[in-house]
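Colleague: Below you will find the structure I want to go over with you.
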Amino acid sequence: MSEITIYSAVVCPFAHRSRLVLLEKGIDFNLVEIDLQNKPANFTEISPYSKVPVIKHGNERVWESAIINEYLDEVFPQPSLLPKDAISRAQARIWIDFANTRFVPAFSNLLRSQEDQKQKEAAQELYQHLQFIENEGLGKLSLSGSYWFGEAISLVDLTFYPWFERWSAIEHYRGFKLSAEFSRIQRWWNAVSQRESVKAIANSKEFYLERYARFATPTTKKVSEELSSAGQVTPQQLQQAAQEGFKSVLNLRSPHEQGFLNDEQQQALSAGLNYVNVALNPSESNQELVEKAIWVIENLPKPVLIHCAAGARATAIALIATASQQKLTPEEIKLKAEELGLNLEQPHLKQFIQQAE
């Protein structure tokens with residue numbers, strides 16, 4: 001009978017860490033998969049924070065992935081996943097803290113942020129963290145080895161890796177690719193991905209794209225009976241839009257934007273949707289292009305799903321079209337923008353309101 005039971009969720013990168021540690025150490029364990037959208041009623045009796053991972057070891061419970069991993073390394077000491085000397089162990093803990101407090105939040109903010117500016121800020125922050133890892137981490141500690149501390153895998157490698165397995169999500173939804181300048185990171189990534197423990201529980205790119213779609217793309221906002229807005233949509237969401245009764249899609253993104261879906265027109269047409277692309281700059285208003293977008297909306301079969309990268313442009317154009325049709329006053333437009341959570345400084349909306357006043 002297994003000594004360890006781990007409560008996990010396949011989509012959770014924190015639980016992924018601890019499952020990798022269990023596999024690397026060859027610890028026999030029972031796996032209890034938790035549906036994070038439908039947790040058991042008594043789950044807080046197992047996990048006080050109502051999160052995964054949690055392990056049970058006999059009558060004891062341990063939670064929080066970084067703490068679980070060190071616990072496992074102490075209780076099951078072979079093979080060791082921390083360096084032997086004190087300074088190297090301290091460095092390992094520094095990098096685990098860096099992952100938890102800097103790298104992971106930046107990754108999450110980039111994926112989940114719905115505003116263009118916040119996405120840019122998160123992308124810049126993540127890029128800086130990658131530079132730090134490349135130069136101060138792998139560049140100084142791994143020497144000629146493939147792993148963080150050279151030739152031996154460690155808790156640091158297993159702490160970071162789950163986010164790299166999920167990299168396809170920020171590449172697909174945010175256009176954030178791992179730059180060629182990060183050659184040490186790429187070498188490390190390749191080495192860790194070939195570990196038997198990693199391959200045993202690895203998931204495909206498509207798995208993560210499907211699971212993270214709801215975090216990366218905003219929920220559809222209904223601006224009027226005929227117009228709704230959203231951020232970048234996936235092929236699956238285009239199919240869903242058609243099933244929900246939408247007749248047309250208006251894409252406000254430029255093909256040169258990161259994360260632009262190159263075959264979106266084909267995907268929309270295959271779903272039975274009319275499709276038009278009018279490229280609007282997210283940070284500068286262009287009266288001619290706004291008027292073109294409004295004309296397109298007026299002539300497309302309704303209802304229309306209007307989308308951009310994060311939803312702000314789309315909501316603004318949908319509101320402008322609605323305001324023009326319904327002859328809303330500037331104050332009514334402002335109230336509607338507030339209801340929709342739309343910043344009045346959004347360039348296209350700001351110019352439209354100024355012209356209406």
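How things are named: the first chain in the structure tokens is A, the next is B, and so on; residues count from 1 in each chain; ligands count from 1 in the order shown.
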Would you mind listing what lies within 10 Å of Glu196 of chain A as a PyMOL selection string, with only C-alpha atoms counted and same-chain residues fewer than 5 positions away left out?

Modeller: chain A and resi 20+23-24+201-202

Colleague: Write the residues of the preceding selection, restricted to C-alpha atoms, as a compact mmCIF listing (two decimals), in the first residue's frame.

Modeller:
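For reference, part.txt as written:
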# COMPACT_ATOMS: atom_id res chain seq x y z
CA LEU A 20 7.40 15.18 -11.04
CA LEU A 23 8.29 10.26 -10.07
CA GLU A 24 11.92 11.40 -10.00
CA ILE A 201 2.85 12.70 -17.45
CA ALA A 202 3.38 15.13 -20.34

Colleague: What residues in segment 27-150 of chain A get the DSSP label strand (DSSP E)? Please answer as a ChimeraX atom specification.

Modeller: /A:29-33,54-57,60-63

Colleague: Just the residues within 12 Å of Gln37 of chain A, please, counting only C-alpha atoms, with nothing from its chain fewer than 2 positions along; format it as a VMD selection string.

Modeller: chain A and resid 9 11 33 to 35 39 to 41 50 to 51

Colleague: List as a list in words the protein and nucleic acid residues near Thr329 of chain A, meaning an atom at most 10 Å away when only C-alpha atoms are counted, but skip any in the same chain fewer than 6 places from it.

Modeller: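 Counting only the stated atoms, we get Ala323, Leu335, Ile353, Ala356 and Glu357 of chain A.
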
Colleague: Gly137 of chain A: which residues within 10 Å, counting only C-alpha atoms, same-chain residues fewer than 3 positions away excluded, as a ChimeraX atom specification?

Modeller: /A:91-92,95,130-134,140-143,148-149,184-185

Colleague: Please provide the set of residues having any atom within 9 Å of Pro79 of chain A, restricted to only C-alpha atoms, with same-chain residues fewer than 3 positions apart removed, written as a VMD selection string.

Modeller: chain A and resid 24 to 26 73 76

Colleague: Produce a table with one row for each residue of segment 125-237 of chain A that has an atom at most 9 Å from any atom of segment 98-116 of chain A, each row naming the nearest atom pair and its distance in Å at one decimal; use only C-alpha atoms; arrange rows by chain and rising residue number; format as CSV.

Modeller:
residue,atom,partner,partner_atom,distance
A:Glu125,CA,A:Ala106,CA,6.3
A:Leu126,CA,A:Ala106,CA,5.3
A:His129,CA,A:Phe103,CA,6.2
A:Leu130,CA,A:Phe103,CA,8.1
A:Val156,CA,A:Ala99,CA,8.6
A:Thr159,CA,A:Ala99,CA,7.2
A:Phe160,CA,A:Ala99,CA,6.5
A:Trp163,CA,A:Val104,CA,7.7
A:Ala169,CA,A:Leu111,CA,7.6
A:Ile170,CA,A:Leu111,CA,5.8
A:Tyr173,CA,A:Leu111,CA,7.3
A:Arg174,CA,A:Leu111,CA,6.9
A:Tyr212,CA,A:Leu111,CA,8.4
A:Arg214,CA,A:Arg112,CA,9.0
A:Phe215,CA,A:Arg112,CA,5.4
A:Ala216,CA,A:Arg112,CA,5.0
A:Thr217,CA,A:Gln114,CA,7.2
A:Pro218,CA,A:Gln114,CA,6.6
A:Gly231,CA,A:Gln114,CA,7.4

Colleague: Taking only C-alpha atoms into account, name the residue in A:Gly259, A:Leu82, A:Gly245, A:Asn251 that is nearest to Glu225 of chain A.

Modeller: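 Looking only at the distances to Glu225 of chain A, the closest residue turns out to be A:Gly245.
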
Colleague: With only C-alpha atoms as the basis for distance, which of A:Ala15, A:Ile6, A:Ala314, A:Ile297 is at the shortest distance from Glu60 of chain A?

Modeller: A:Ile6

Colleague: Find the residue from A:Ile294, A:Glu210, A:Leu289, A:Ser18 that sits nearest to Thr322 of chain A; use only C-alpha atoms when measuring.

Modeller: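 Nearest candidate to Thr322 of chain A out of A:Ile294, A:Glu210, A:Leu289, A:Ser18: A:Ile294.
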
Colleague: Please extract the residues of segment 152-201 of chain A with a backbone DSSP assignment of helix (DSSP H, G or I) and present them as number ranges by chain.

Modeller: A: 155-165, 167-174, 183-193, 196-200

Colleague: Counting only C-alpha atoms, which of A:Trp295, A:Trp188, A:Tyr7, A:Tyr161 gets nearest to Gly145 of chain A?

Modeller: A:Trp188

Colleague: Could you tell me how far atom CA of Glu244 of chain A sits from atom CA of Asn281 of chain A, in Å to one decimal place?

Modeller: 28.9 Å
